[in-house]
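Inspection log for the structure reproduced underneath, given as structure tokens.
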Protein chains: 6
Amino acid sequence: MHLIPVSQDFCVAINDPEDAVFVNGKFCKDPKLAKAQDFYYSGLNIPRNTSNPVGSTVTPVNVAQIPGLNTLGISLVRIDYAPNGGLNPPHTHPRATEILVVVEGTLYVGFVTSNTDNRLITKVLYPGDVFVFPIGLIHFQFNVGKTNAVAFAALSSQNPGVITVANAVFGSNPPINPDVLVKAFQLDKNVVKNLQSKFWWANN
Amino acid sequence: MHLIPVSQDFCVAINDPEDAVFVNGKFCKDPKLAKAQDFYYSGLNIPRNTSNPVGSTVTPVNVAQIPGLNTLGISLVRIDYAPNGGLNPPHTHPRATEILVVVEGTLYVGFVTSNTDNRLITKVLYPGDVFVFPIGLIHFQFNVGKTNAVAFAALSSQNPGVITVANAVFGSNPPINPDVLVKAFQLDKNVVKNLQSKFWWANN
Amino acid sequence: MHLIPVSQDFCVAINDPEDAVFVNGKFCKDPKLAKAQDFYYSGLNIPRNTSNPVGSTVTPVNVAQIPGLNTLGISLVRIDYAPNGGLNPPHTHPRATEILVVVEGTLYVGFVTSNTDNRLITKVLYPGDVFVFPIGLIHFQFNVGKTNAVAFAALSSQNPGVITVANAVFGSNPPINPDVLVKAFQLDKNVVKNLQSKFWWANN
Amino acid sequence: MHLIPVSQDFCVAINDPEDAVFVNGKFCKDPKLAKAQDFYYSGLNIPRNTSNPVGSTVTPVNVAQIPGLNTLGISLVRIDYAPNGGLNPPHTHPRATEILVVVEGTLYVGFVTSNTDNRLITKVLYPGDVFVFPIGLIHFQFNVGKTNAVAFAALSSQNPGVITVANAVFGSNPPINPDVLVKAFQLDKNVVKNLQSKFWWANN
Amino acid sequence: MHLIPVSQDFCVAINDPEDAVFVNGKFCKDPKLAKAQDFYYSGLNIPRNTSNPVGSTVTPVNVAQIPGLNTLGISLVRIDYAPNGGLNPPHTHPRATEILVVVEGTLYVGFVTSNTDNRLITKVLYPGDVFVFPIGLIHFQFNVGKTNAVAFAALSSQNPGVITVANAVFGSNPPINPDVLVKAFQLDKNVVKNLQSKFWWANN
Amino acid sequence: MHLIPVSQDFCVAINDPEDAVFVNGKFCKDPKLAKAQDFYYSGLNIPRNTSNPVGSTVTPVNVAQIPGLNTLGISLVRIDYAPNGGLNPPHTHPRATEILVVVEGTLYVGFVTSNTDNRLITKVLYPGDVFVFPIGLIHFQFNVGKTNAVAFAALSSQNPGVITVANAVFGSNPPINPDVLVKAFQLDKNVVKNLQSKFWWANN
């Protein structure tokens, strides 16, 4: 398999080809018109509201917020966790490894290896601690402290994607045939239907 | 980010460096000793036993079975499904897209897009039908016919990895803190503990 | 060398930018409009006519048949071989490794390593047997049985390309200067011209 | 050009092959022995001493500190800047794009595009502001505030490399022929020799 | 991180999408219209004028000169050096390794490793000598002979980019805040301002 | 598919792990021991003997000659062509695009696109002319002048590989079953056997 090589210093994403320069087969903003604003975002110092069912909020800073990140393969998030159990629930990033640094609070974090042994690797993290979640593996962070927790995390993609397991499985639109989930999770059909109604709400 | 380029026609994997030639900084079997057997596997015509809780069996043919696949970025599987509900349960491949062709039977298949909209895309497949499951997304196949079903699937990695969602989440070793799963899946703690005991069994 | 990273779950290919959403510098179908049909193909169960000079037919299932394969790096083919000598003649895939499984019949298959030693590696394959042809190397399959043969093969590119050696060398349009082929193949000039007239017909 | 695909969930770096499992032609720590410690680092909350000629200190967290980052393509740094002119001097990362978030203080930051126009793109950043430095371009951060400044930055490589322009040019070991630098920088030979003696000290 | 795979034999760059065929999400010239001219450049045998402050001239042959190089990851340059000190001054290629062959003359060449040890690796080259400058590292060539020198160099990108250190640092547009350069280079402010005025002229 | 990222400035290839430093899971020469010699080759100015059946000689400068090229994705060759028909016969590079510059003489060069149309794209080249042969496609150069010809060519791999079509097809070791070649090339069996005996000699 061959892969397409980059051919410019950067390629600021644009939504309207009218404003674009057509360079080497791709539309990017004319590099001569790129400005500091294209590489900039502000507000990551502001605590987020965590009043939601899982008690956490992820603030993304990826190519959707910073168009200059296009093609550059990295992005950031700020994560706020409510005290006493704020949870960034089990999820995967299909296109990125994550490295997280705790700024405030106490987090129990972990990831699970793939089917060879489905091994759980966990750690309790304090401010200044750093942890790595390898690409594609299911992972989570859980606030086990009595105060707010805050972390910054970097991801090895300008648009890493997120698949929250519970939402994708029980809250897809339309719902997955309940018989599939009954067998896969060895749950009673009523429990499955109840879960689907809860997560359907969450996503719609 | 730079990436390491391949520097040989192939690099047959070996387990014992004693038998290896050290070429360009990597251990591979001496290419002059590579033989047909290194690129070969037999037995994919044999129906597999599907008497297990999910009613399906995946027979992998990847670098663990064919050492010559090392570094080449592709592999195969045969999947057998029991009649009336044999299920290859929701899972992801962290390192591969999958393309599947149905050889026998009737399969309801689907995948769920990432969190932007968690959209479920499904199709009922008959013999000769082909379907694609994009890399990293949760997907499944379900035998909705009254006979056995058989499919071949190719994956874009010599070792694609598999993460079966239910096993990784409820059957990890050691188990995930139940409070995490109670909140993530909005399930009663007893249900979570019961699931963990079931899947613990499955994995151990 | 840097390479362009993917920034979406998938990027369904479209031919008319009018129907496209312009995302991160590339035209893809609006992901919200992607449907099962974009990831689907049918008919790979149907035996193909092999009444042609080489006695084989390749039915491709790549990005030209399944637009959802775009950017995903994998594809399939079905190959039908006539009894007693149906041949998929020596060819290369410039962008893919191939892994083949025999469904029916008996195939003598092989590939040749590059100039270091031009070693031929062969095997006779029966139903259920799997064989690997590493990227870029010349390979072939030959039906040495008395019945039809059928194989499925997967390739590590959504558009692997095929270069059939005899057709590219003797049947190019326009033809290669015969003096080049006389010297390269150490053939009589009349033999070269005769070959060029035969393969010219094949390609035109 | 082909590239070597990853074939495991992760590949924890080790220094002594005696402790290694030889998997698919590469030495990594036996994945079954990987533990949380391999993915962990602590102490990024501690302010660093910035009493040095440039008034800044970079604390790296890459594969040298976290062996589990090996092959995963991402890393972090903490940067401390002295008040009133602490400077992370002009440098490049040959293998990574950088995304930086200001935690404390006020930074004047910038990067210079390549020779097409050598355009300087700058911004003054405050706490919570984020800025991107595209791979390979010369960039710097300068504390223009009266207090300490602190930033976290992520880099798209597990070992991004740093080339501080002044040190590499004037402080290399052994020194570059002064005639080269006289002509390149259009400086007097005595100035060049004086710079080389200063930076020689810095590096040795 | 995933990367976008190539899906054609080549993709000749075009500037006007009106002439393009829209294939697999990218604009390229219709491959059937590609002609020899798209892969061709002439004139690399002509000696260049080296009457400029550094006494060297680089003649590039990349995707800007040969549109057929688009996506193919390689390019060439011819470099002419004036006698007695013609200099290709310290610079980096952010997207390419360089391999150079001397055709005429005597060159003192070198590169500096990254900050681990900023080691200078040099060699005096004569006609027929070949040297490698690894991607992203600062390097230079200096004519230490009494005659013209000429070299060909190949770069591992169709658009490698060049960052001439002195021009980017002292000649950016607009200029870098002189206080940054005073501290980074430990130079007197007047020297910095004088350099900035010289290189400003060079770039504008 | 994920790919392995580079994690050093360079990785000089070594043959004996005893001399190696084990860094980040790979064996390379200890970077601190790397010296100019590891990046150097001499003698590309020397005309080569072209007294052989095809009348051309390729002098490679790749990772086998320059161990410092390991992982860097580029290499060079010098090609000498005898007057009046010296031929670099039809061949492919499975891992590289080639860009060639003529230094002396007159070359008729060409490449053939893949099976979509097997189109031949040719050009007659004179000193200073440059031509591109896209990765994986069959190409050749033919001296149509009355003097020696010389070219330098760069390839986008540190070990591009070469597959000379006639040698691989008719001269493999052991030979391909003649029935395969009779059908593939539509040649008489005696012609095939005669060719195999000639090329067998060439390779052995």
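Residue numbering restarts at 1 for every chain of the structure tokens, chains are lettered A, B, ... in their displayed order, and ligands are numbered from 1 as they appear.
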
**Item:** 10 Å contact set for F:Asn84, only C-alpha atoms, chain neighbours under 4 positions out, as a list in words
**Value:** Gly55, Thr106, Phe142, Asn143, Val144, Gly145, Lys146, Thr147, Asn148 and Ala149 of chain F

**Message:** For the structure I just gave you, how does DSSP split chain C - specifically, which residues are alpha helix (DSSP H)? Reply as a list of chain:residue names.
**Reply:** C:Val165, C:Ala166, C:Asn167, C:Ala168, C:Val169, C:Phe170, C:Pro178, C:Asp179, C:Val180, C:Leu181, C:Val182, C:Lys183, C:Ala184, C:Phe185, C:Lys189, C:Asn190, C:Val191, C:Val192, C:Lys193, C:Asn194, C:Leu195, C:Gln196, C:Ser197, C:Lys198, C:Phe199, C:Trp200, C:Trp201, C:Ala202, C:Asn203

**Message:** To one decimal place in Å, what is the distance between atom CA of A:Val124 and atom CA of B:Asp179?
**Reply:** 15.0 Å

**Option closest in space to chain C, from A:Val150, A:Leu87, A:Leu125, A:Val162 [counting only C-alpha atoms]** = A:Val162

**Prompt:** Can you list, as a VMD selection string, every protein, DNA or RNA residue that comes within 10 Å of stretch 60-66 of chain C when you count only C-alpha atoms, leaving out same-chain residues fewer than 6 positions away?
**Reply:** (chain B and resid 99 130 to 132) or (chain C and resid 12 to 13 37 to 42 44 72 to 79 153 to 155 157 to 160) or (chain E and resid 7 23 to 24)

Emit the selected residues as a compact mmCIF listing (two decimals), in the first residue's frame, including N, CA, C and O atoms.
```
# COMPACT_ATOMS: atom_id res chain seq x y z
N ILE B 99 -13.47 -6.35 5.01
CA ILE B 99 -14.39 -6.54 3.88
C ILE B 99 -14.79 -8.01 3.90
O ILE B 99 -13.93 -8.89 3.93
N VAL B 130 -21.22 -8.67 -0.49
CA VAL B 130 -19.99 -8.15 0.11
C VAL B 130 -20.34 -6.91 0.93
O VAL B 130 -21.18 -6.12 0.51
N PHE B 131 -19.71 -6.75 2.10
CA PHE B 131 -19.96 -5.56 2.92
C PHE B 131 -18.65 -5.11 3.57
O PHE B 131 -17.76 -5.92 3.82
N VAL B 132 -18.58 -3.81 3.85
CA VAL B 132 -17.36 -3.20 4.39
C VAL B 132 -17.61 -2.65 5.79
O VAL B 132 -18.62 -1.98 6.02
N VAL C 12 -16.80 8.37 1.62
CA VAL C 12 -17.40 7.72 0.45
C VAL C 12 -17.08 8.52 -0.80
O VAL C 12 -17.34 9.72 -0.86
N ALA C 13 -16.51 7.86 -1.79
CA ALA C 13 -16.12 8.54 -3.03
C ALA C 13 -17.35 9.02 -3.80
O ALA C 13 -18.38 8.34 -3.82
N GLN C 37 -25.90 1.01 1.11
CA GLN C 37 -25.58 0.75 -0.30
C GLN C 37 -24.15 1.17 -0.65
O GLN C 37 -23.52 0.57 -1.52
N ASP C 38 -23.63 2.20 0.02
CA ASP C 38 -22.28 2.70 -0.28
C ASP C 38 -21.18 1.73 0.15
O ASP C 38 -20.02 1.90 -0.23
N PHE C 39 -21.54 0.75 0.98
CA PHE C 39 -20.56 -0.19 1.53
C PHE C 39 -20.84 -1.62 1.04
O PHE C 39 -20.32 -2.57 1.61
N TYR C 40 -21.63 -1.75 0.00
CA TYR C 40 -22.24 -3.04 -0.39
C TYR C 40 -22.00 -3.36 -1.86
O TYR C 40 -21.98 -2.47 -2.71
N TYR C 41 -21.89 -4.67 -2.13
CA TYR C 41 -21.82 -5.18 -3.51
C TYR C 41 -22.45 -6.56 -3.51
O TYR C 41 -22.33 -7.29 -2.52
N SER C 42 -23.09 -6.96 -4.59
CA SER C 42 -23.67 -8.31 -4.61
C SER C 42 -23.28 -9.05 -5.88
O SER C 42 -22.95 -8.43 -6.90
N LEU C 44 -21.04 -11.97 -5.94
CA LEU C 44 -19.75 -12.65 -5.98
C LEU C 44 -19.91 -14.17 -5.94
O LEU C 44 -18.92 -14.91 -6.01
N LEU C 72 -9.79 3.34 2.55
CA LEU C 72 -9.76 2.31 3.60
C LEU C 72 -8.73 1.21 3.36
O LEU C 72 -8.47 0.39 4.24
N GLY C 73 -8.13 1.15 2.16
CA GLY C 73 -6.96 0.30 1.99
C GLY C 73 -7.20 -1.19 1.93
O GLY C 73 -6.34 -1.97 2.38
N ILE C 74 -8.32 -1.62 1.35
CA ILE C 74 -8.54 -3.05 1.17
C ILE C 74 -9.56 -3.27 0.05
O ILE C 74 -10.36 -2.39 -0.25
N SER C 75 -9.52 -4.44 -0.59
CA SER C 75 -10.51 -4.80 -1.61
C SER C 75 -10.49 -6.31 -1.81
O SER C 75 -9.65 -7.01 -1.24
N LEU C 76 -11.42 -6.80 -2.62
CA LEU C 76 -11.58 -8.24 -2.87
C LEU C 76 -11.62 -8.50 -4.37
O LEU C 76 -11.95 -7.61 -5.15
N VAL C 77 -11.35 -9.75 -4.76
CA VAL C 77 -11.68 -10.24 -6.10
C VAL C 77 -12.16 -11.68 -6.00
O VAL C 77 -11.80 -12.41 -5.07
N ARG C 78 -12.99 -12.07 -6.98
CA ARG C 78 -13.30 -13.48 -7.20
C ARG C 78 -12.58 -13.87 -8.48
O ARG C 78 -12.58 -13.10 -9.45
N ILE C 79 -11.93 -15.02 -8.49
CA ILE C 79 -11.26 -15.47 -9.71
C ILE C 79 -11.81 -16.83 -10.11
O ILE C 79 -11.86 -17.75 -9.29
N ALA C 153 -9.72 -13.60 -3.36
CA ALA C 153 -8.46 -13.02 -2.92
C ALA C 153 -8.71 -11.61 -2.40
O ALA C 153 -9.55 -10.88 -2.94
N ALA C 154 -7.99 -11.26 -1.35
CA ALA C 154 -8.09 -9.91 -0.79
C ALA C 154 -6.78 -9.19 -1.09
O ALA C 154 -5.71 -9.80 -1.13
N LEU C 155 -6.89 -7.87 -1.30
CA LEU C 155 -5.72 -7.06 -1.65
C LEU C 155 -5.65 -5.86 -0.72
O LEU C 155 -6.68 -5.26 -0.39
N SER C 157 -5.27 -2.76 -0.75
CA SER C 157 -5.49 -1.42 -1.31
C SER C 157 -6.93 -1.36 -1.79
O SER C 157 -7.46 -2.38 -2.26
N GLN C 158 -7.53 -0.18 -1.72
CA GLN C 158 -8.90 -0.07 -2.27
C GLN C 158 -8.87 0.01 -3.79
O GLN C 158 -9.90 -0.04 -4.44
N ASN C 159 -7.68 0.15 -4.35
CA ASN C 159 -7.52 0.17 -5.81
C ASN C 159 -6.11 -0.32 -6.12
O ASN C 159 -5.22 0.46 -6.41
N PRO C 160 -5.90 -1.65 -6.06
CA PRO C 160 -4.55 -2.20 -6.07
C PRO C 160 -3.82 -2.04 -7.40
O PRO C 160 -2.60 -2.03 -7.43
N SER E 7 -4.56 5.88 -4.63
CA SER E 7 -5.42 4.95 -5.36
C SER E 7 -5.32 5.06 -6.88
O SER E 7 -6.26 4.69 -7.57
N VAL E 23 -11.73 11.81 -9.09
CA VAL E 23 -11.59 10.38 -8.84
C VAL E 23 -11.31 10.12 -7.37
O VAL E 23 -10.33 10.64 -6.83
N ASN E 24 -12.15 9.34 -6.73
CA ASN E 24 -11.91 8.92 -5.35
C ASN E 24 -11.63 10.08 -4.43
O ASN E 24 -10.74 10.02 -3.59
```

**Message:** If you run DSSP on the backbone here, which positions in stretch 31-102 of chain F get strand (DSSP E)? Please write them as a list of chain:residue names.
**Reply:** F:Tyr40, F:Tyr41, F:Ser56, F:Thr57, F:Val58, F:Thr59, F:Pro60, F:Val61, F:Ser75, F:Leu76, F:Val77, F:Arg78, F:Ile79, F:Asp80, F:Tyr81, F:Leu87, F:Asn88, F:Pro89, F:Pro90, F:His91, F:Thr92, F:Glu98, F:Ile99, F:Leu100, F:Val101, F:Val102
